[in-house]
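What follows is protein-v4.tsv (TSV, C-alpha atoms).
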chain	number	residue	atom	x	y	z
A	3	MET	CA	-101.38	115.73	107.00
A	4	ASN	CA	-99.36	112.66	107.90
A	5	ARG	CA	-98.83	110.33	104.97
A	6	SER	CA	-96.43	108.03	106.75
A	7	ASN	CA	-96.91	104.25	106.54
A	8	SER	CA	-95.49	103.77	110.03
A	9	ARG	CA	-97.35	101.87	112.74
A	10	SER	CA	-97.84	105.08	114.73
A	11	GLY	CA	-99.42	107.15	111.97
A	12	GLY	CA	-102.22	106.90	109.47
A	13	ALA	CA	-102.15	107.50	105.73
A	14	ASN	CA	-104.83	109.42	103.79
A	15	LEU	CA	-104.36	107.41	100.61
A	16	PRO	CA	-107.20	105.44	99.00
A	17	SER	CA	-105.01	102.37	98.58
A	18	LEU	CA	-104.41	102.28	102.33
A	19	ARG	CA	-108.04	102.55	103.41
A	20	HIS	CA	-107.97	99.17	105.14
A	21	HIS	CA	-104.74	100.10	106.93
A	22	ASN	CA	-106.32	103.27	108.27
A	23	ALA	CA	-109.46	101.44	109.40
A	24	SER	CA	-107.25	98.93	111.23
A	25	LEU	CA	-105.46	101.77	113.03
A	26	VAL	CA	-108.79	103.18	114.19
A	27	LEU	CA	-110.14	99.76	115.14
A	28	ASP	CA	-107.04	99.03	117.22
A	29	LEU	CA	-107.43	102.30	119.13
A	30	LEU	CA	-111.08	101.48	119.79
A	31	ARG	CA	-110.02	98.12	121.19
A	32	THR	CA	-107.31	99.69	123.34
A	33	ALA	CA	-109.73	102.28	124.72
A	34	GLY	CA	-111.99	99.56	126.11
A	35	GLU	CA	-115.23	100.51	127.82
A	36	ARG	CA	-114.24	104.16	128.31
A	37	GLY	CA	-114.30	104.70	124.54
A	38	ILE	CA	-112.44	107.30	122.50
A	39	SER	CA	-113.60	110.42	120.65
A	40	ARG	CA	-113.20	111.05	116.93
A	41	LEU	CA	-110.96	114.02	117.73
A	42	GLU	CA	-108.59	111.84	119.72
A	43	LEU	CA	-108.66	109.22	117.00
A	44	ALA	CA	-107.54	111.87	114.51
A	45	GLU	CA	-104.79	113.07	116.86
A	46	ARG	CA	-103.53	109.55	117.58
A	47	THR	CA	-103.52	108.36	113.97
A	48	GLY	CA	-102.49	111.54	112.15
A	49	LEU	CA	-105.57	111.21	109.93
A	50	THR	CA	-107.80	114.16	109.11
A	51	PRO	CA	-111.09	114.48	111.07
A	52	GLN	CA	-112.93	113.92	107.79
A	53	ALA	CA	-111.08	110.65	107.17
A	54	VAL	CA	-111.76	109.49	110.72
A	55	SER	CA	-115.44	110.35	110.34
A	56	LYS	CA	-115.71	108.26	107.16
A	57	ILE	CA	-113.90	105.32	108.75
A	58	THR	CA	-115.97	105.34	111.94
A	59	THR	CA	-119.18	105.65	109.93
A	60	ARG	CA	-118.19	102.56	107.98
A	61	LEU	CA	-117.17	100.65	111.13
A	62	ARG	CA	-120.51	101.48	112.74
A	63	ALA	CA	-122.37	100.35	109.64
A	64	GLU	CA	-120.47	97.06	109.78
A	65	GLY	CA	-121.39	96.65	113.45
A	66	LEU	CA	-117.76	96.79	114.62
A	67	ALA	CA	-118.08	100.13	116.47
A	68	ALA	CA	-120.81	101.91	118.40
A	69	GLU	CA	-121.36	104.95	120.57
A	70	ALA	CA	-119.99	104.42	124.07
A	71	GLY	CA	-121.21	107.59	125.78
A	72	ARG	CA	-120.24	111.26	125.87
A	73	LEU	CA	-117.34	113.18	127.33
A	74	ALA	CA	-118.06	115.85	129.93
A	75	SER	CA	-118.49	119.27	128.32
A	76	THR	CA	-115.65	121.78	128.64
A	77	GLY	CA	-117.77	124.63	127.37
A	78	GLY	CA	-118.83	123.35	123.98
A	79	LYS	CA	-120.99	120.50	122.80
A	80	PRO	CA	-120.18	117.23	124.65
A	81	ARG	CA	-118.13	114.94	122.40
A	82	THR	CA	-119.45	111.48	121.58
A	83	VAL	CA	-117.04	108.65	122.29
A	84	LEU	CA	-116.95	105.43	120.29
A	85	GLY	CA	-116.05	101.94	121.36
A	86	LEU	CA	-115.38	98.54	119.85
A	87	VAL	CA	-118.30	96.10	119.79
A	88	PRO	CA	-116.58	92.98	121.16
A	89	ASP	CA	-119.33	90.56	120.16
A	90	ALA	CA	-119.38	91.73	116.56
A	91	GLY	CA	-117.05	88.87	115.68
A	92	TYR	CA	-115.02	86.00	117.04
A	93	ALA	CA	-112.03	83.78	116.39
A	94	VAL	CA	-111.29	80.22	117.47
A	95	GLY	CA	-107.93	79.29	118.96
A	96	LEU	CA	-106.79	75.66	119.01
A	97	HIS	CA	-103.89	74.25	121.01
A	98	LEU	CA	-103.06	70.78	119.71
A	99	ASP	CA	-100.65	69.30	122.22
A	100	ARG	CA	-99.19	65.82	122.16
A	101	ASP	CA	-101.82	64.45	124.55
A	102	GLU	CA	-104.49	67.14	124.88
A	103	MET	CA	-106.46	69.66	122.84
A	104	THR	CA	-107.77	73.02	124.05
A	105	ALA	CA	-110.24	75.07	122.01
A	106	VAL	CA	-111.26	78.62	122.89
A	107	LEU	CA	-113.68	81.08	121.29
A	108	VAL	CA	-112.61	84.69	121.86
A	109	ASP	CA	-114.37	87.93	121.00
A	110	LEU	CA	-112.82	90.92	119.23
A	111	ALA	CA	-111.48	92.25	122.52
A	112	GLY	CA	-109.61	88.98	123.04
A	113	ALA	CA	-111.81	87.85	125.92
A	114	PRO	CA	-112.58	84.09	125.97
A	115	VAL	CA	-116.30	83.33	125.87
A	116	ALA	CA	-116.10	79.53	125.67
A	117	THR	CA	-113.36	76.98	126.32
A	118	ARG	CA	-113.14	73.21	125.87
A	119	THR	CA	-110.34	70.77	126.73
A	120	ALA	CA	-110.25	67.13	125.62
A	121	PRO	CA	-107.71	64.31	125.31
A	122	LEU	CA	-105.82	64.12	122.02
A	123	ASP	CA	-103.39	61.62	120.56
A	124	LEU	CA	-101.15	63.60	118.23
A	125	GLY	CA	-99.69	60.30	117.07
A	126	ALA	CA	-103.03	59.14	115.64
A	127	PRO	CA	-103.60	59.20	111.86
A	128	ALA	CA	-103.78	62.72	110.47
A	129	ALA	CA	-107.42	62.41	109.41
A	130	GLU	CA	-108.43	61.54	112.98
A	131	VAL	CA	-106.52	64.47	114.48
A	132	VAL	CA	-107.93	66.94	111.95
A	133	GLY	CA	-111.43	65.54	112.47
A	134	ALA	CA	-111.12	65.97	116.24
A	135	ALA	CA	-109.86	69.54	115.76
A	136	ALA	CA	-112.77	70.38	113.43
A	137	ARG	CA	-115.28	68.97	115.92
A	138	ALA	CA	-113.68	71.05	118.68
A	139	VAL	CA	-114.21	74.19	116.58
A	140	GLN	CA	-117.89	73.32	116.17
A	141	THR	CA	-118.28	72.48	119.85
A	142	VAL	CA	-116.72	75.62	121.23
A	143	ARG	CA	-118.88	77.74	118.93
A	144	ALA	CA	-121.99	75.91	120.13
A	145	ASP	CA	-120.91	76.44	123.75
A	146	ALA	CA	-121.46	80.20	123.42
A	147	PRO	CA	-125.21	80.82	123.01
A	148	GLY	CA	-126.10	83.93	121.05
A	149	THR	CA	-122.98	83.81	118.90
A	150	GLU	CA	-124.36	81.54	116.18
A	151	ASP	CA	-125.11	84.39	113.77
A	152	ARG	CA	-121.94	86.35	114.50
A	153	ARG	CA	-118.91	86.38	112.25
A	154	VAL	CA	-116.10	83.96	112.98
A	155	PHE	CA	-113.01	85.37	111.29
A	156	GLY	CA	-111.05	82.15	111.35
A	157	VAL	CA	-109.19	79.49	113.30
A	158	GLY	CA	-105.69	79.74	114.72
A	159	ALA	CA	-104.07	76.34	115.29
A	160	ALA	CA	-101.00	76.10	117.51
A	161	LEU	CA	-98.98	72.93	118.08
A	162	PRO	CA	-95.41	71.77	118.71
A	163	GLY	CA	-92.88	72.45	115.98
A	164	PRO	CA	-90.96	72.52	113.86
A	165	LEU	CA	-93.37	73.69	111.18
A	166	ASP	CA	-93.74	76.16	108.31
A	167	HIS	CA	-95.89	79.02	109.59
A	168	ALA	CA	-96.11	80.73	106.19
A	169	GLY	CA	-97.22	77.62	104.30
A	170	GLY	CA	-99.23	76.04	107.10
A	171	VAL	CA	-97.28	72.81	106.65
A	172	LEU	CA	-95.88	70.69	109.47
A	173	HIS	CA	-92.32	69.42	109.58
A	174	ARG	CA	-90.92	66.63	111.74
A	175	VAL	CA	-92.84	67.48	114.93
A	176	THR	CA	-90.60	66.35	117.78
A	177	GLY	CA	-91.63	62.81	118.70
A	178	PHE	CA	-94.06	62.59	115.76
A	179	PRO	CA	-92.01	62.61	112.54
A	180	GLN	CA	-94.94	61.15	110.57
A	181	TRP	CA	-96.37	64.69	110.34
A	182	ASP	CA	-93.50	65.85	108.15
A	183	GLY	CA	-94.93	67.63	105.09
A	184	TYR	CA	-98.57	67.48	106.18
A	185	PRO	CA	-100.63	70.53	105.00
A	186	LEU	CA	-102.51	71.10	108.25
A	187	ARG	CA	-103.75	74.58	107.35
A	188	ASP	CA	-105.47	73.49	104.16
A	189	ALA	CA	-106.82	70.27	105.67
A	190	LEU	CA	-108.35	72.04	108.67
A	191	ALA	CA	-109.76	74.84	106.50
A	192	ALA	CA	-111.48	72.26	104.31
A	193	ARG	CA	-113.06	70.59	107.34
A	194	THR	CA	-114.20	73.79	109.08
A	195	GLY	CA	-115.00	76.07	106.14
A	196	LEU	CA	-113.01	78.83	107.85
A	197	PRO	CA	-109.66	80.49	107.15
A	198	VAL	CA	-106.89	78.84	109.19
A	199	VAL	CA	-103.52	80.07	110.44
A	200	VAL	CA	-100.98	77.56	111.79
A	201	ASP	CA	-98.10	78.37	114.11
A	202	LYS	CA	-95.96	76.89	116.85
A	203	ASP	CA	-97.53	76.77	120.28
A	204	THR	CA	-94.83	78.97	121.80
A	205	ASN	CA	-95.16	81.62	119.08
A	206	ALA	CA	-98.91	81.80	119.61
A	207	ALA	CA	-98.50	82.30	123.35
A	208	ALA	CA	-95.80	84.93	122.82
A	209	LEU	CA	-98.07	86.83	120.42
A	210	GLY	CA	-100.92	86.89	122.92
A	211	LEU	CA	-98.62	88.07	125.71
A	212	ALA	CA	-97.09	90.80	123.53
A	213	LEU	CA	-100.48	92.16	122.50
A	214	ARG	CA	-101.61	92.19	126.11
A	215	ALA	CA	-98.48	93.94	127.41
A	216	ARG	CA	-98.23	96.48	124.55
A	217	ASP	CA	-94.93	97.76	125.98
A	218	GLY	CA	-92.65	96.88	123.06
A	219	ALA	CA	-90.27	94.92	125.32
A	220	ASP	CA	-88.13	92.08	123.96
A	221	PHE	CA	-88.92	88.87	125.81
A	222	ALA	CA	-88.86	85.10	125.61
A	223	TYR	CA	-91.77	82.87	126.53
A	224	LEU	CA	-90.46	79.50	127.73
A	225	HIS	CA	-93.06	76.74	127.66
A	226	LEU	CA	-92.57	73.56	129.68
A	227	GLY	CA	-95.27	70.96	129.23
A	228	THR	CA	-95.08	67.76	127.21
A	229	GLY	CA	-92.04	69.39	125.56
A	230	LEU	CA	-89.94	72.51	125.94
A	231	GLY	CA	-89.85	75.42	123.52
A	232	ALA	CA	-89.58	79.19	123.27
A	233	GLY	CA	-91.51	82.00	121.67
A	234	LEU	CA	-89.41	85.10	120.97
A	235	VAL	CA	-90.66	88.67	120.67
A	236	LEU	CA	-87.90	90.91	119.31
A	237	GLY	CA	-88.36	94.46	118.11
A	238	GLY	CA	-92.11	94.26	118.69
A	239	ARG	CA	-92.56	91.20	116.45
A	240	VAL	CA	-92.78	87.48	116.97
A	241	HIS	CA	-89.41	86.29	115.70
A	242	ARG	CA	-89.75	83.18	113.56
A	243	GLY	CA	-86.57	83.33	111.51
A	244	ALA	CA	-86.02	83.08	107.77
A	245	ARG	CA	-87.59	79.60	107.60
A	246	THR	CA	-90.07	80.19	110.47
A	247	GLY	CA	-88.10	77.70	112.55
A	248	ALA	CA	-86.77	79.94	115.34
A	249	GLY	CA	-87.56	79.12	118.97
A	250	GLU	CA	-86.49	75.46	119.08
A	251	PHE	CA	-85.15	76.29	122.54
A	252	GLY	CA	-85.53	72.77	123.90
A	253	HIS	CA	-83.04	71.34	121.46
A	254	GLN	CA	-79.95	73.31	122.37
A	255	THR	CA	-77.28	70.91	123.60
A	256	LEU	CA	-76.31	71.33	127.24
A	257	GLN	CA	-74.50	68.02	127.72
A	258	LEU	CA	-72.37	66.52	124.97
A	259	ASP	CA	-73.04	62.78	124.66
A	260	GLY	CA	-75.87	63.18	127.16
A	261	PRO	CA	-79.13	61.21	127.20
A	262	PRO	CA	-80.94	60.82	123.87
A	263	CYS	CA	-83.72	63.23	122.95
A	264	ASP	CA	-86.82	62.58	120.83
A	265	CYS	CA	-85.41	65.02	118.26
A	266	GLY	CA	-82.56	62.58	117.53
A	267	GLY	CA	-79.90	64.57	119.35
A	268	ARG	CA	-78.31	63.99	122.73
A	269	GLY	CA	-78.07	66.07	125.87
A	270	CYS	CA	-80.77	68.56	124.82
A	271	VAL	CA	-82.13	70.87	127.47
A	272	GLU	CA	-85.59	69.35	126.85
A	273	ALA	CA	-84.40	65.79	127.46
A	274	LEU	CA	-82.51	66.77	130.61
A	275	CYS	CA	-85.36	68.89	131.95
A	276	LEU	CA	-88.14	66.37	131.28
A	277	ALA	CA	-86.03	63.55	132.75
A	278	ALA	CA	-85.68	65.56	135.97
A	279	VAL	CA	-89.44	66.20	136.01
A	280	ALA	CA	-90.14	62.49	135.49
A	281	ARG	CA	-88.06	61.48	138.50
A	282	GLY	CA	-89.61	64.19	140.66
A	283	ASP	CA	-86.48	66.33	140.95
A	284	LEU	CA	-88.16	69.67	140.32
A	285	ALA	CA	-85.22	71.69	141.64
A	286	GLU	CA	-82.96	70.08	139.03
A	287	ALA	CA	-85.56	70.60	136.30
A	288	ALA	CA	-85.70	74.30	137.19
A	289	ARG	CA	-81.90	74.51	137.27
A	290	VAL	CA	-81.65	72.97	133.80
A	291	LEU	CA	-84.34	75.29	132.49
A	292	GLY	CA	-82.46	78.19	134.06
A	293	ALA	CA	-79.23	77.21	132.34
A	294	GLY	CA	-80.94	77.28	128.97
A	295	ALA	CA	-82.70	80.54	129.83
A	296	ALA	CA	-79.43	82.17	130.89
A	297	ASN	CA	-77.90	81.19	127.55
A	298	LEU	CA	-80.84	82.84	125.79
A	299	VAL	CA	-80.53	86.03	127.83
A	300	GLY	CA	-76.82	86.21	127.08
A	301	LEU	CA	-77.38	85.63	123.38
A	302	LEU	CA	-80.28	88.03	122.80
A	303	ASP	CA	-80.03	90.56	125.67
A	304	ILE	CA	-83.80	90.40	126.16
A	305	ASP	CA	-85.81	92.41	128.69
A	306	ARG	CA	-87.65	89.61	130.50
A	307	LEU	CA	-88.38	85.90	130.69
A	308	VAL	CA	-91.92	84.53	130.94
A	309	LEU	CA	-92.45	80.91	131.98
A	310	GLY	CA	-95.56	78.92	131.11
A	311	GLY	CA	-97.05	75.50	130.49
A	312	ARG	CA	-98.85	72.98	132.66
A	313	THR	CA	-95.62	71.66	134.24
A	314	VAL	CA	-94.65	75.14	135.36
A	315	ALA	CA	-98.21	75.92	136.47
A	316	ALA	CA	-98.17	72.95	138.87
A	317	HIS	CA	-95.12	74.34	140.74
A	318	GLU	CA	-94.78	77.99	139.77
A	319	ASP	CA	-92.60	79.10	142.68
A	320	VAL	CA	-90.10	76.26	142.20
A	321	TYR	CA	-89.53	77.12	138.54
A	322	VAL	CA	-89.51	80.89	138.92
A	323	ASP	CA	-87.08	80.76	141.85
A	324	GLY	CA	-84.87	78.14	140.20
A	325	VAL	CA	-84.63	79.91	136.85
A	326	ARG	CA	-84.13	83.28	138.48
A	327	ALA	CA	-81.27	81.94	140.62
A	328	VAL	CA	-79.34	80.69	137.59
A	329	VAL	CA	-79.97	83.87	135.58
A	330	GLU	CA	-78.92	86.08	138.52
A	331	GLU	CA	-75.76	84.07	139.09
A	332	ARG	CA	-74.83	84.39	135.41
A	333	ALA	CA	-75.46	88.16	135.53
A	334	ARG	CA	-73.31	88.58	138.66
A	335	ARG	CA	-70.49	86.52	137.19
A	336	GLU	CA	-70.48	88.39	133.90
A	337	GLY	CA	-71.34	91.84	135.30
A	338	THR	CA	-74.03	92.38	132.68
A	339	GLY	CA	-76.07	94.89	134.69
A	340	PRO	CA	-79.68	94.61	135.93
A	341	VAL	CA	-81.02	91.08	136.28
A	342	VAL	CA	-83.68	90.10	133.75
A	343	PRO	CA	-87.02	89.57	135.56
A	344	VAL	CA	-88.61	86.12	135.51
A	345	THR	CA	-92.40	85.91	135.60
A	346	VAL	CA	-95.16	83.37	134.93
A	347	ALA	CA	-97.90	83.42	132.31
A	348	THR	CA	-100.88	82.34	134.39
A	349	GLY	CA	-103.38	79.81	133.13
A	350	GLY	CA	-101.16	76.84	132.33
A	351	ASP	CA	-101.64	75.97	128.65
A	352	ARG	CA	-104.57	78.36	128.10
A	353	PRO	CA	-102.38	81.28	126.85
A	354	ILE	CA	-101.47	79.14	123.84
A	355	ALA	CA	-105.06	78.64	122.71
A	356	GLU	CA	-105.90	82.30	123.33
A	357	GLY	CA	-102.76	83.39	121.49
A	358	ALA	CA	-103.70	81.10	118.60
A	359	ALA	CA	-106.96	83.05	118.23
A	360	GLN	CA	-104.89	86.24	118.05
A	361	LEU	CA	-103.11	84.82	115.01
A	362	VAL	CA	-106.44	85.45	113.27
A	363	LEU	CA	-107.46	88.70	114.96
A	364	ALA	CA	-104.16	90.61	115.07
A	365	PRO	CA	-104.15	91.51	111.35
A	366	LEU	CA	-107.71	92.87	111.67
A	367	PHE	CA	-106.34	95.46	114.09
A	368	GLY	CA	-103.29	96.32	111.99
A	369	ARG	CA	-101.11	94.06	114.08
A	370	ALA	CA	-99.97	91.88	111.19
A	371	GLY	CA	-96.37	92.79	112.05
A	372	GLU	CA	-96.74	91.17	115.45
A	373	ALA	CA	-98.60	88.17	114.07
A	374	GLY	CA	-96.78	87.53	110.83
What's the structure tokens form of this structure?
Amino acid sequence: MNRSNSRSGGANLPSLRHHNASLVLDLLRTAGERGISRLELAERTGLTPQAVSKITTRLRAEGLAAEAGRLASTGGKPRTVLGLVPDAGYAVGLHLDRDEMTAVLVDLAGAPVATRTAPLDLGAPAAEVVGAAARAVQTVRADAPGTEDRRVFGVGAALPGPLDHAGGVLHRVTGFPQWDGYPLRDALAARTGLPVVVDKDTNAAALGLALRARDGADFAYLHLGTGLGAGLVLGGRVHRGARTGAGEFGHQTLQLDGPPCDCGGRGCVEALCLAAVARGDLAEAARVLGAGAANLVGLLDIDRLVLGGRTVAAHEDVYVDGVRAVVEERARREGTGPVVPVTVATGGDRPIAEGAAQLVLAPLFGRAGEAG
């Protein structure tokens, strides 16, 4: 009997019943439509067959799991396979950008079932912004007929930083310092009546990408839209730092005494990159982004770079090729071995809203380490 508390094994201890159920639920989600047998669940979790039977009975009673067919017989009685019931519950993901808001309702499998995008002025009074966000939650729920009576586990809200993920409090959001100290989590929870998790937009996207890939690789998600930031996944976890302020990628200085940035500094990679975008010099914007990315690769020795955001989505090839060229040149010059691959997160800004919903769902599947 395995009594380890590790992510790869279960624990037959009464105090860890929820942990064990999360392990089983995560394997049901991973199995998808093909389902998974109780025997395999026991083998994969290290739990006893009796413990797995009790957990799956409870999950079925709660409507989270159901029979998904039978395995072909190998001589004995065909084994029943179980699967997750995706529409047993939902989460709402919100991306509050400086000029636009995206709301998405996702099911337990992470599939979006309704999406809404609307203009947003992040510089408006806080009450107006929170009111617009609360209405977006109501609207996206109403856009999915048949879900009205289903559980909504909560709302994940993602927006530019810096902010305090643990406390749900905003800091001096770049370009909007009036948000400093605002308790967004509590304010939005009061308006929606749902639990709320708040995180940086780049962290939310990185979480969603990590859960989808499930390969344990270290990577950086670089988001270029109305601003520039990074989400870091290191050691299988979203890396937020001791004060949840990691990932302010756009505000590394590339040019001393360079042009002013909205953060109050000068010569930041964000200021240089956005200035190049504004004048239509996309090759220069990609080169600047590549310089910052190469610094990140050299600092963290990560496995891959993922680019995203509406600005990248409009000219994917330009940014991928430009960033890759700078990263490859740095690798050749320094002789650091294989070049780190550069890819794109498709969907423009949508991965942020979908990742924000995973801030709510990940702990349900025992993925609190990735989310928190």
Which residue out of A:Ala219, A:Leu84, A:Leu186, A:Leu258 has the minimum interatomic distance to Arg239 of chain A when all atoms listed in the file are used? A:Ala219
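Across the model, the gap from atom CA of Ala134 of chain A to atom CA of Ala120 of chain A is 9.5 Å.
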Using only C-alpha atoms, the shortest atom-to-atom distance to Asp217 of chain A among A:Gly300, A:Gly71, A:Gly294, A:Gly237 belongs to A:Gly237
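For Gly310 of chain A, the residues within 8 Å (counting all atoms listed in the file, excluding itself and residues fewer than 2 positions away along the chain) are A:Tyr223, A:Leu224, A:His225, A:Leu226, A:Val308, A:Arg312, A:Thr313, A:Val314, A:Ala315, A:Val346, A:Ala347, A:Thr348, A:Gly350, A:Asp351.
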Counting only C-alpha atoms, find residues at most 12 Å from (-84.4, 73.6, 136.9) (file frame) and give them as a count of residues only. 40
Name the closest residue to Thr141 of chain A among the candidates A:Asp166, A:Asp89, A:Val235, A:Thr194; distances are taken between atoms, counting only C-alpha atoms. A:Thr194
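If you measure from each of A:Val175, A:Val94, A:Ala159, A:Arg46 to Val142 of chain A using all atoms listed in the file, the closest one turns out to be A:Val94.
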Atom CA of Arg152 of chain A to atom CA of Ala113 of chain A: how many Å, to one decimal? 15.3 Å
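With all atoms listed in the file as the atoms that count, the residue of A:Ala160, A:Ile304, A:Ala135, A:Val362 with the shortest distance to Gly218 of chain A is A:Ile304.
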